[in-house]
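Here is coords.cif, consisting of mmCIF, C-alpha atoms and all ligand atoms:
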```
data_work
loop_
_atom_site.group_PDB
_atom_site.id
_atom_site.type_symbol
_atom_site.label_atom_id
_atom_site.label_comp_id
_atom_site.auth_asym_id
_atom_site.auth_seq_id
_atom_site.Cartn_x
_atom_site.Cartn_y
_atom_site.Cartn_z
ATOM 1 C CA MET A 135 5.129 22.671 23.380
ATOM 2 C CA SER A 136 4.421 21.104 26.785
ATOM 3 C CA PRO A 137 7.349 19.462 28.644
ATOM 4 C CA GLU A 138 5.855 15.984 28.382
ATOM 5 C CA GLN A 139 5.105 16.310 24.669
ATOM 6 C CA ARG A 140 7.318 14.027 22.585
ATOM 7 C CA ARG A 141 8.957 15.272 19.402
ATOM 8 C CA ILE A 142 8.471 12.867 16.505
ATOM 9 C CA VAL A 143 9.848 12.892 12.963
ATOM 10 C CA VAL A 144 7.764 10.947 10.449
ATOM 11 C CA VAL A 145 9.536 10.484 7.111
ATOM 12 C CA GLY A 146 7.149 9.585 4.307
ATOM 13 C CA ALA A 147 4.220 11.314 6.013
ATOM 14 C CA GLY A 148 2.527 12.311 2.762
ATOM 15 C CA SER A 149 0.487 9.158 2.235
ATOM 16 C CA GLY A 150 -0.521 5.726 3.503
ATOM 17 C CA ILE A 151 1.134 4.286 6.619
ATOM 18 C CA GLY A 152 3.328 7.355 7.180
ATOM 19 C CA ALA A 153 0.358 9.747 6.978
ATOM 20 C CA ALA A 154 -1.566 7.565 9.430
ATOM 21 C CA THR A 155 1.440 7.445 11.787
ATOM 22 C CA ALA A 156 1.814 11.225 11.750
ATOM 23 C CA ALA A 157 -1.943 11.729 12.238
ATOM 24 C CA HIS A 158 -1.948 9.317 15.171
ATOM 25 C CA TYR A 159 0.882 11.112 16.970
ATOM 26 C CA HIS A 160 -0.619 14.533 16.206
ATOM 27 C CA GLU A 161 -3.981 13.454 17.639
ATOM 28 C CA GLN A 162 -2.155 12.196 20.745
ATOM 29 C CA GLY A 163 -0.819 15.710 21.268
ATOM 30 C CA GLU A 164 2.784 14.959 20.246
ATOM 31 C CA TYR A 165 4.854 17.448 18.239
ATOM 32 C CA VAL A 166 5.080 15.964 14.749
ATOM 33 C CA LEU A 167 7.459 16.914 11.951
ATOM 34 C CA ALA A 168 6.017 15.472 8.737
ATOM 35 C CA VAL A 169 8.623 14.936 5.997
ATOM 36 C CA ASP A 170 7.855 14.043 2.389
ATOM 37 C CA LEU A 171 8.550 14.774 -1.235
ATOM 38 C CA ARG A 172 4.928 15.637 -1.846
ATOM 39 C CA ARG A 173 2.750 18.316 -0.312
ATOM 40 C CA SER A 174 0.030 16.910 1.916
ATOM 41 C CA ASP A 175 -2.531 17.963 4.472
ATOM 42 C CA THR A 176 -1.313 15.298 6.917
ATOM 43 C CA PRO A 177 -1.978 16.627 10.426
ATOM 44 C CA ALA A 178 1.362 17.708 11.942
ATOM 45 C CA ALA A 179 2.938 20.668 13.748
ATOM 46 C CA ARG A 180 5.423 21.207 10.944
ATOM 47 C CA HIS A 181 5.975 20.001 7.370
ATOM 48 C CA GLU A 182 9.315 19.764 5.606
ATOM 49 C CA TYR A 183 10.185 18.848 2.022
ATOM 50 C CA CYS A 184 12.854 16.229 1.342
ATOM 51 C CA ASP A 185 13.684 14.111 -1.693
ATOM 52 C CA LEU A 186 15.138 10.993 -0.110
ATOM 53 C CA ARG A 187 16.836 10.017 -3.397
ATOM 54 C CA ASP A 188 19.128 12.991 -2.988
ATOM 55 C CA ALA A 189 21.779 13.096 -0.223
ATOM 56 C CA ALA A 190 21.999 16.893 -0.560
ATOM 57 C CA SER A 191 18.256 17.174 0.090
ATOM 58 C CA ILE A 192 18.642 14.981 3.199
ATOM 59 C CA ASP A 193 21.596 17.073 4.409
ATOM 60 C CA ALA A 194 19.586 20.265 3.860
ATOM 61 C CA LEU A 195 16.679 18.818 5.858
ATOM 62 C CA LEU A 196 19.001 17.822 8.699
ATOM 63 C CA GLU A 197 20.448 21.363 8.698
ATOM 64 C CA ARG A 198 16.936 22.801 9.094
ATOM 65 C CA ILE A 199 16.024 20.670 12.082
ATOM 66 C CA ASP A 200 17.560 21.029 15.515
ATOM 67 C CA SER A 201 18.182 18.343 18.135
ATOM 68 C CA GLY A 202 16.086 17.087 21.052
ATOM 69 C CA TRP A 203 13.864 14.659 19.132
ATOM 70 C CA ASP A 204 12.410 11.483 20.661
ATOM 71 C CA VAL A 205 11.437 9.352 17.688
ATOM 72 C CA LEU A 206 12.338 8.887 14.029
ATOM 73 C CA THR A 207 9.904 6.785 12.026
ATOM 74 C CA TYR A 208 11.171 6.138 8.511
ATOM 75 C CA VAL A 209 8.092 5.028 6.591
ATOM 76 C CA ALA A 210 8.849 6.359 3.098
ATOM 77 C CA GLY A 211 9.194 3.765 0.400
ATOM 78 C CA VAL A 212 8.799 3.166 -3.326
ATOM 79 C CA PRO A 213 7.659 -0.068 -4.994
ATOM 80 C CA GLY A 214 9.480 -2.315 -7.446
ATOM 81 C CA THR A 215 7.736 -0.560 -10.366
ATOM 82 C CA ALA A 216 9.995 2.477 -9.737
ATOM 83 C CA PRO A 217 13.475 2.628 -11.339
ATOM 84 C CA ALA A 218 15.814 0.216 -9.500
ATOM 85 C CA HIS A 219 18.184 3.008 -8.457
ATOM 86 C CA ASP A 220 15.308 4.923 -6.849
ATOM 87 C CA VAL A 221 14.132 1.839 -4.975
ATOM 88 C CA LEU A 222 17.535 1.384 -3.341
ATOM 89 C CA ALA A 223 17.965 5.144 -2.847
ATOM 90 C CA VAL A 224 14.673 5.661 -0.981
ATOM 91 C CA ASN A 225 14.145 2.315 0.760
ATOM 92 C CA TYR A 226 17.741 1.729 1.828
ATOM 93 C CA LEU A 227 20.254 4.571 1.377
ATOM 94 C CA GLY A 228 17.880 7.424 2.281
ATOM 95 C CA MET A 229 16.855 5.516 5.388
ATOM 96 C CA ARG A 230 20.503 5.026 6.316
ATOM 97 C CA LEU A 231 21.435 8.687 5.801
ATOM 98 C CA MET A 232 18.381 9.895 7.740
ATOM 99 C CA THR A 233 19.064 7.416 10.531
ATOM 100 C CA GLU A 234 22.716 8.393 10.903
ATOM 101 C CA GLY A 235 21.863 12.095 10.645
ATOM 102 C CA MET A 236 19.144 11.837 13.284
ATOM 103 C CA LEU A 237 20.982 9.642 15.816
ATOM 104 C CA PRO A 238 22.894 12.570 17.392
ATOM 105 C CA ARG A 239 19.673 14.624 17.319
ATOM 106 C CA LEU A 240 17.683 12.075 19.319
ATOM 107 C CA ARG A 241 17.472 12.146 23.101
ATOM 108 C CA PRO A 242 18.551 9.118 25.155
ATOM 109 C CA GLY A 243 15.489 6.895 25.561
ATOM 110 C CA GLY A 244 14.503 7.678 21.990
ATOM 111 C CA ALA A 245 13.744 5.231 19.212
ATOM 112 C CA ILE A 246 14.042 4.701 15.480
ATOM 113 C CA VAL A 247 11.468 2.584 13.689
ATOM 114 C CA THR A 248 11.881 1.837 9.989
ATOM 115 C CA VAL A 249 9.149 0.257 7.898
ATOM 116 C CA ALA A 250 10.562 -2.687 5.933
ATOM 117 C CA SER A 251 8.345 -5.430 4.432
ATOM 118 C CA VAL A 252 7.585 -9.144 4.461
ATOM 119 C CA ALA A 253 9.032 -8.962 0.924
ATOM 120 C CA ALA A 254 12.416 -9.035 2.709
ATOM 121 C CA LEU A 255 11.765 -12.695 3.460
ATOM 122 C CA GLY A 256 15.001 -14.647 3.123
ATOM 123 C CA TRP A 257 17.276 -11.786 4.219
ATOM 124 C CA GLN A 258 19.214 -14.199 6.433
ATOM 125 C CA GLN A 259 20.389 -16.076 3.329
ATOM 126 C CA ARG A 260 21.532 -12.894 1.527
ATOM 127 C CA ILE A 261 23.835 -11.317 4.129
ATOM 128 C CA ASP A 262 27.021 -12.199 2.228
ATOM 129 C CA GLU A 263 25.517 -11.260 -1.136
ATOM 130 C CA LEU A 264 24.501 -7.823 0.179
ATOM 131 C CA ALA A 265 27.841 -7.148 1.937
ATOM 132 C CA ASP A 266 29.024 -4.496 -0.543
ATOM 133 C CA LEU A 267 25.619 -2.804 -0.620
ATOM 134 C CA LEU A 268 25.686 -2.635 3.184
ATOM 135 C CA ASP A 269 29.117 -0.985 3.000
ATOM 136 C CA ALA A 270 27.833 1.625 0.540
ATOM 137 C CA THR A 271 27.085 5.071 1.944
ATOM 138 C CA ASP A 272 26.689 7.082 -1.267
ATOM 139 C CA LEU A 273 24.389 6.896 -4.252
ATOM 140 C CA ASP A 274 27.060 6.257 -6.886
ATOM 141 C CA THR A 275 28.301 3.160 -5.051
ATOM 142 C CA VAL A 276 24.736 1.933 -4.545
ATOM 143 C CA ARG A 277 23.985 2.423 -8.265
ATOM 144 C CA THR A 278 27.167 0.650 -9.319
ATOM 145 C CA TRP A 279 26.298 -2.247 -7.012
ATOM 146 C CA GLN A 280 22.765 -2.523 -8.401
ATOM 147 C CA ASP A 281 23.989 -2.373 -12.023
ATOM 148 C CA ALA A 282 26.023 -5.545 -11.392
ATOM 149 C CA GLN A 283 23.048 -7.490 -9.974
ATOM 150 C CA ASP A 284 20.800 -10.002 -11.702
ATOM 151 C CA PRO A 285 17.861 -7.830 -12.854
ATOM 152 C CA ALA A 286 15.565 -10.828 -12.320
ATOM 153 C CA TYR A 287 15.964 -10.575 -8.527
ATOM 154 C CA PRO A 288 13.346 -8.098 -7.196
ATOM 155 C CA VAL A 289 15.154 -4.926 -6.150
ATOM 156 C CA TYR A 290 12.305 -4.044 -3.774
ATOM 157 C CA SER A 291 13.097 -7.205 -1.772
ATOM 158 C CA THR A 292 16.802 -6.349 -1.826
ATOM 159 C CA SER A 293 16.093 -2.845 -0.532
ATOM 160 C CA LYS A 294 14.020 -4.123 2.385
ATOM 161 C CA GLN A 295 16.501 -6.914 3.195
ATOM 162 C CA ALA A 296 19.262 -4.298 3.377
ATOM 163 C CA ALA A 297 17.074 -2.111 5.619
ATOM 164 C CA ILE A 298 16.509 -4.959 8.081
ATOM 165 C CA ILE A 299 20.147 -6.112 8.151
ATOM 166 C CA TYR A 300 21.330 -2.506 8.557
ATOM 167 C CA ALA A 301 18.955 -1.879 11.474
ATOM 168 C CA LYS A 302 20.050 -5.066 13.227
ATOM 169 C CA ARG A 303 23.721 -4.188 12.751
ATOM 170 C CA LEU A 304 23.230 -0.619 13.965
ATOM 171 C CA ALA A 305 21.032 -1.376 16.984
ATOM 172 C CA PRO A 306 23.729 -2.364 19.535
ATOM 173 C CA ALA A 307 25.923 0.709 18.908
ATOM 174 C CA ALA A 308 22.931 3.072 18.726
ATOM 175 C CA TRP A 309 21.863 1.828 22.155
ATOM 176 C CA GLN A 310 25.338 1.948 23.689
ATOM 177 C CA LYS A 311 26.369 5.340 22.289
ATOM 178 C CA TYR A 312 23.062 7.234 22.165
ATOM 179 C CA GLY A 313 20.603 5.275 24.324
ATOM 180 C CA VAL A 314 18.414 4.946 21.218
ATOM 181 C CA ARG A 315 16.728 1.717 20.084
ATOM 182 C CA VAL A 316 16.460 0.719 16.413
ATOM 183 C CA ASN A 317 13.804 -1.700 15.148
ATOM 184 C CA THR A 318 11.958 -2.466 11.931
ATOM 185 C CA VAL A 319 8.312 -3.271 11.226
ATOM 186 C CA SER A 320 7.538 -5.526 8.257
ATOM 187 C CA PRO A 321 3.942 -5.232 7.052
ATOM 188 C CA GLY A 322 2.249 -7.689 4.750
ATOM 189 C CA PRO A 323 0.063 -6.251 1.967
ATOM 190 C CA THR A 324 -1.651 -3.123 3.310
ATOM 191 C CA GLU A 325 -4.463 -1.067 1.764
ATOM 192 C CA THR A 326 -2.585 2.083 0.676
ATOM 193 C CA PRO A 327 -1.949 3.711 -2.723
ATOM 194 C CA ILE A 328 1.256 1.640 -3.184
ATOM 195 C CA LEU A 329 -0.711 -1.639 -3.297
ATOM 196 C CA THR A 330 -1.598 -1.240 -6.997
ATOM 197 C CA ASP A 331 2.118 -0.995 -7.821
ATOM 198 C CA PHE A 332 2.770 -4.123 -5.762
ATOM 199 C CA GLU A 333 0.087 -5.931 -7.782
ATOM 200 C CA ALA A 334 1.979 -4.902 -10.930
ATOM 201 C CA SER A 335 5.470 -5.829 -9.661
ATOM 202 C CA MET A 336 4.691 -8.918 -7.547
ATOM 203 C CA GLY A 337 1.614 -10.204 -9.414
ATOM 204 C CA LYS A 338 -2.032 -9.685 -8.477
ATOM 205 C CA ASP A 339 -2.466 -13.454 -8.176
ATOM 206 C CA VAL A 340 0.250 -13.571 -5.486
ATOM 207 C CA LEU A 341 -1.367 -10.786 -3.476
ATOM 208 C CA ASP A 342 -4.839 -12.326 -3.906
ATOM 209 C CA MET A 343 -3.437 -15.621 -2.603
ATOM 210 C CA VAL A 344 -2.010 -13.873 0.487
ATOM 211 C CA LYS A 345 -5.381 -12.166 0.998
ATOM 212 C CA ALA A 346 -7.287 -15.444 0.690
ATOM 213 C CA THR A 347 -4.938 -17.174 3.162
ATOM 214 C CA VAL A 348 -5.250 -14.644 5.991
ATOM 215 C CA GLY A 349 -8.716 -13.308 5.099
ATOM 216 C CA ARG A 350 -7.945 -9.703 4.149
ATOM 217 C CA HIS A 351 -5.192 -7.192 3.527
ATOM 218 C CA ALA A 352 -4.027 -5.042 6.428
ATOM 219 C CA SER A 353 -5.325 -1.539 6.958
ATOM 220 C CA VAL A 354 -2.997 1.232 8.104
ATOM 221 C CA ASP A 355 -4.674 0.903 11.507
ATOM 222 C CA ASP A 356 -3.180 -2.604 11.802
ATOM 223 C CA ILE A 357 0.338 -1.287 11.233
ATOM 224 C CA VAL A 358 0.468 2.062 13.063
ATOM 225 C CA PRO A 359 0.032 0.655 16.626
ATOM 226 C CA VAL A 360 3.041 -1.622 16.092
ATOM 227 C CA ILE A 361 5.189 1.287 14.925
ATOM 228 C CA THR A 362 4.087 3.445 17.854
ATOM 229 C CA PHE A 363 4.564 0.619 20.359
ATOM 230 C CA LEU A 364 8.146 -0.028 19.210
ATOM 231 C CA ALA A 365 8.800 3.708 19.423
ATOM 232 C CA SER A 366 7.324 3.961 22.924
ATOM 233 C CA PRO A 367 8.965 3.597 26.348
ATOM 234 C CA ALA A 368 6.872 0.425 26.819
ATOM 235 C CA ALA A 369 9.188 -1.256 24.279
ATOM 236 C CA ARG A 370 12.280 -0.047 26.129
ATOM 237 C CA TRP A 371 14.030 -3.455 26.077
ATOM 238 C CA ILE A 372 13.267 -4.325 22.444
ATOM 239 C CA ASN A 373 16.198 -3.485 20.185
ATOM 240 C CA GLY A 374 17.393 -4.773 16.810
ATOM 241 C CA GLN A 375 14.168 -6.653 16.046
ATOM 242 C CA ASP A 376 12.070 -6.985 12.904
ATOM 243 C CA VAL A 377 8.366 -7.453 13.638
ATOM 244 C CA HIS A 378 6.120 -9.029 10.993
ATOM 245 C CA VAL A 379 2.631 -7.515 10.881
ATOM 246 C CA ASP A 380 0.973 -9.732 8.302
ATOM 247 C CA GLY A 381 -1.831 -11.710 9.950
ATOM 248 C CA GLY A 382 0.561 -14.649 10.283
ATOM 249 C CA PHE A 383 1.070 -15.323 6.582
ATOM 250 C CA VAL A 384 4.864 -15.531 6.651
ATOM 251 C CA ALA A 385 5.438 -17.421 9.928
ATOM 252 C CA PRO A 386 4.937 -20.981 8.598
ATOM 253 C CA MET A 387 7.313 -20.373 5.676
ATOM 254 C CA SER A 388 10.289 -20.898 7.948
ATOM 255 C CA THR A 389 8.883 -23.729 10.050
ATOM 256 C CA GLY A 390 7.735 -26.418 7.621
ATOM 257 C CA ALA A 391 4.131 -27.523 7.295
ATOM 258 C CA PRO A 392 1.683 -25.488 9.389
ATOM 259 C CA ILE A 393 -0.373 -27.429 11.957
ATOM 260 C CA GLN A 394 -3.894 -28.112 10.664
ATOM 261 C CA LEU A 395 -6.841 -27.736 13.059
HETATM 262 N N1 LIG A 401 1.219 -0.955 1.501
HETATM 263 C C1 LIG A 401 1.788 -2.150 1.549
HETATM 264 O O1 LIG A 401 1.225 -3.168 1.105
HETATM 265 C C2 LIG A 401 3.154 -2.298 2.172
HETATM 266 C C3 LIG A 401 3.583 -3.588 2.533
HETATM 267 C C4 LIG A 401 4.845 -3.736 3.081
HETATM 268 C C5 LIG A 401 5.657 -2.619 3.273
HETATM 269 N N2 LIG A 401 5.225 -1.391 2.896
HETATM 270 C C6 LIG A 401 6.117 -0.248 3.119
HETATM 271 O O2 LIG A 401 5.444 0.691 3.922
HETATM 272 C C7 LIG A 401 5.987 1.981 3.698
HETATM 273 C C8 LIG A 401 4.866 2.966 3.469
HETATM 274 O O3 LIG A 401 4.228 2.632 2.253
HETATM 275 P P1 LIG A 401 2.700 2.979 1.987
HETATM 276 O O4 LIG A 401 2.014 1.699 1.796
HETATM 277 O O5 LIG A 401 2.188 3.910 3.009
HETATM 278 O O6 LIG A 401 2.835 3.684 0.546
HETATM 279 P P2 LIG A 401 2.478 5.150 0.048
HETATM 280 O O7 LIG A 401 2.855 5.163 -1.383
HETATM 281 O O8 LIG A 401 1.079 5.480 0.408
HETATM 282 O O9 LIG A 401 3.447 6.105 0.885
HETATM 283 C C9 LIG A 401 4.833 6.202 0.613
HETATM 284 C C10 LIG A 401 5.286 7.622 0.963
HETATM 285 O O10 LIG A 401 6.702 7.711 0.699
HETATM 286 C C11 LIG A 401 6.932 8.963 0.084
HETATM 287 N N3 LIG A 401 8.124 8.948 -0.756
HETATM 288 C C12 LIG A 401 8.370 8.138 -1.825
HETATM 289 N N4 LIG A 401 9.522 8.500 -2.403
HETATM 290 C C13 LIG A 401 10.014 9.560 -1.704
HETATM 291 C C14 LIG A 401 11.159 10.382 -1.841
HETATM 292 N N5 LIG A 401 12.036 10.213 -2.843
HETATM 293 N N6 LIG A 401 11.342 11.363 -0.939
HETATM 294 C C15 LIG A 401 10.443 11.576 0.044
HETATM 295 N N7 LIG A 401 9.328 10.830 0.235
HETATM 296 C C16 LIG A 401 9.126 9.842 -0.648
HETATM 297 C C17 LIG A 401 5.695 9.178 -0.804
HETATM 298 O O11 LIG A 401 5.579 10.518 -1.227
HETATM 299 C C18 LIG A 401 4.589 8.693 0.108
HETATM 300 O O12 LIG A 401 4.113 9.737 0.927
HETATM 301 C C19 LIG A 401 6.931 1.836 2.504
HETATM 302 O O13 LIG A 401 8.259 1.739 2.973
HETATM 303 C C20 LIG A 401 6.504 0.518 1.876
HETATM 304 O O14 LIG A 401 7.561 -0.094 1.174
HETATM 305 C C21 LIG A 401 3.992 -1.197 2.358
#
```
Would it be possible to restate this file's structure as structure tokens?
Ligand SMILES: NC(=O)c1ccc[n+]([C@@H]2O[C@H](COP(=O)([O-])OP(=O)(O)OC[C@H]3O[C@@H](n4cnc5c(N)ncnc54)[C@H](O)[C@@H]3O)[C@@H](O)[C@H]2O)c1
Amino acid sequence: MSPEQRRIVVVGAGSGIGAATAAHYHEQGEYVLAVDLRRSDTPAARHEYCDLRDAASIDALLERIDSGWDVLTYVAGVPGTAPAHDVLAVNYLGMRLMTEGMLPRLRPGGAIVTVASVAALGWQQRIDELADLLDATDLDTVRTWQDAQDPAYPVYSTSKQAAIIYAKRLAPAAWQKYGVRVNTVSPGPTETPILTDFEASMGKDVLDMVKATVGRHASVDDIVPVITFLASPAARWINGQDVHVDGGFVAPMSTGAPIQL
């Protein structure tokens, strides 16, 4: 490893956006640790297994990796077609446990970037409702919380709302104590294997409408540069932000009628 080579952990590197993120860093000559539940041929210096639904698996992963890392990108996620407990375990709790486990292992000047989603839209209105979930740090408490929720509210949205609120709450202390920035990236629909599950859970008509409005779905190459920018020294004064990468679909939803040209 050369002295200027950065050391990057990509969680969820087995497919889609995570695989593209790992491949990008690897091609740039960075040292990449690719983490996933599934075996993959994602280009990386090292591969590690972890089941993010299982705190013991996360602890075991953290035991196997040393310190002196520069970046954690948490890209792993499961769609709303998965069991509700798994959605919260992977998209929220696993992210939280990985983040808190990695913070002391990251060098000052480092960064954490978590992939959330535009499906978190409306998170500002749910802060009080999600208070107990955001206090939860173990799977049993998360499961008990979810069991008391209205099953009609999409758990995928809840999981991504919690991820964004958590990152924003953590960012000031992470910066002050560790010199590490914490941000989230929220893609709109992106051409990866998960998209079919989104069509099932959110409705194909909804996704087709989004596609028709902005002209196409994203490709992973639309998302990866935003992740890598937020993780880079060039973004050194950006902390606690959620960046939509959706072709502009969501922006007018919080501003009233879009201007017509
Ligand atoms: N594709 C989209 O339209 C879209 C839109 C918004 C947000 N996102 C988010 O982007 C992220 C990446 O999704 P993607 O589109 O690349 O999907 P993907 O299905 O291609 O990749 C998800 C990865 O997460 C891994 N993973 C799932 N459960 C795991 C577990 N228990 N332990 C370890 N790894 C696990 C999978 O093995 C896979 O490699 C997810 O967080 C997703 O919610 C995707």
Residues returned when the PyMOL selection byres (((not hetatm)) within 7 of (chain A and resi 401)) runs on this file, as an MDAnalysis selection string: chainID A and resid 145:152 170:172 184:187 209:213 224:225 249:252 320:329
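The point (5.6, 13.2, 23.8) has these residues within 8 Å of it when only C-alpha atoms are used: Glu138, Gln139, Arg140, Arg141, Ile142, Gly163, Glu164, Tyr165 and Asp204 of chain A.
Straight-line separation from atom CA of A:Gly381 to atom CA of A:Val289: 24.4 Å.
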When you draw a straight line from atom CA of A:Trp257 to atom CA of A:Val384, how long is it in Å? 13.2 Å
Of the candidates A:Thr176, A:Thr347, A:Gln283, A:Ser335, which shows the shortest atom-to-atom distance to A:Ala253, using all atoms listed in the file?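 Among A:Thr176, A:Thr347, A:Gln283, A:Ser335, it is A:Ser335 that comes nearest to A:Ala253.
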Rounded to one decimal place, report the atom CA of A:Ala254-atom CA of A:Ser291 distance in Å.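 Between these atoms lies a distance of 4.9 Å.
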Which residue out of A:Val144, A:Val340, A:Ala179, A:Ala190 has the minimum interatomic distance to A:Glu161 when all atoms listed in the file are used?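 The shortest atom-to-atom distance to A:Glu161 comes from A:Ala179.
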If we count only C-alpha atoms, what is near A:Arg173 at a cut-off of 9 Å, once residues fewer than 6 positions away on the same chain are taken out, given as a PyMOL selection string? chain A and resi 148+181-183
Spell out the residues picked by the PyMOL selection byres (((chain A and resi 248) around 9) and not hetatm) here, as number ranges by chain. A: 206-210, 229, 246-247, 249-250, 297-298, 301, 316-320, 361
Evaluate the PyMOL selection byres (((chain A and resi 272-279) around 12) and not hetatm) against this structure - the residues, as a VMD selection string, please. chain A and resid 186 to 190 217 to 231 263 to 271 280 to 285 289 292 to 293 296
Taking (5.8, -6.7, -7.3) as a centre in this file's frame and 8 Å as the limit, can you find every polymer residue with an atom that close, using only C-alpha atoms, and give them as a compact mmCIF listing (two decimals) with C-alpha atoms, in the coordinates of the input?
```
# COMPACT_ATOMS: atom_id res chain seq x y z
CA PRO A 213 7.66 -0.07 -4.99
CA GLY A 214 9.48 -2.32 -7.45
CA THR A 215 7.74 -0.56 -10.37
CA PRO A 288 13.35 -8.10 -7.20
CA TYR A 290 12.30 -4.04 -3.77
CA ASP A 331 2.12 -1.00 -7.82
CA PHE A 332 2.77 -4.12 -5.76
CA GLU A 333 0.09 -5.93 -7.78
CA ALA A 334 1.98 -4.90 -10.93
CA SER A 335 5.47 -5.83 -9.66
CA MET A 336 4.69 -8.92 -7.55
CA GLY A 337 1.61 -10.20 -9.41
```
Show me, as JSON lines, the residues of stretch 268-371 of chain A having an atom within 9 Å of stretch 155-160 of chain A, each with the closest atom pair and its distance in Å, using all atoms listed in the file.
```
{"residue": "A:Val354", "atom": "CA", "partner": "A:Thr155", "partner_atom": "CA", "distance": 8.5}
{"residue": "A:Asp355", "atom": "CA", "partner": "A:Thr155", "partner_atom": "CA", "distance": 9.0}
{"residue": "A:Ile357", "atom": "CA", "partner": "A:Thr155", "partner_atom": "CA", "distance": 8.8}
{"residue": "A:Val358", "atom": "CA", "partner": "A:Thr155", "partner_atom": "CA", "distance": 5.6}
{"residue": "A:Pro359", "atom": "CA", "partner": "A:Thr155", "partner_atom": "CA", "distance": 8.5}
{"residue": "A:Ile361", "atom": "CA", "partner": "A:Thr155", "partner_atom": "CA", "distance": 7.9}
{"residue": "A:Thr362", "atom": "CA", "partner": "A:Thr155", "partner_atom": "CA", "distance": 7.7}
```
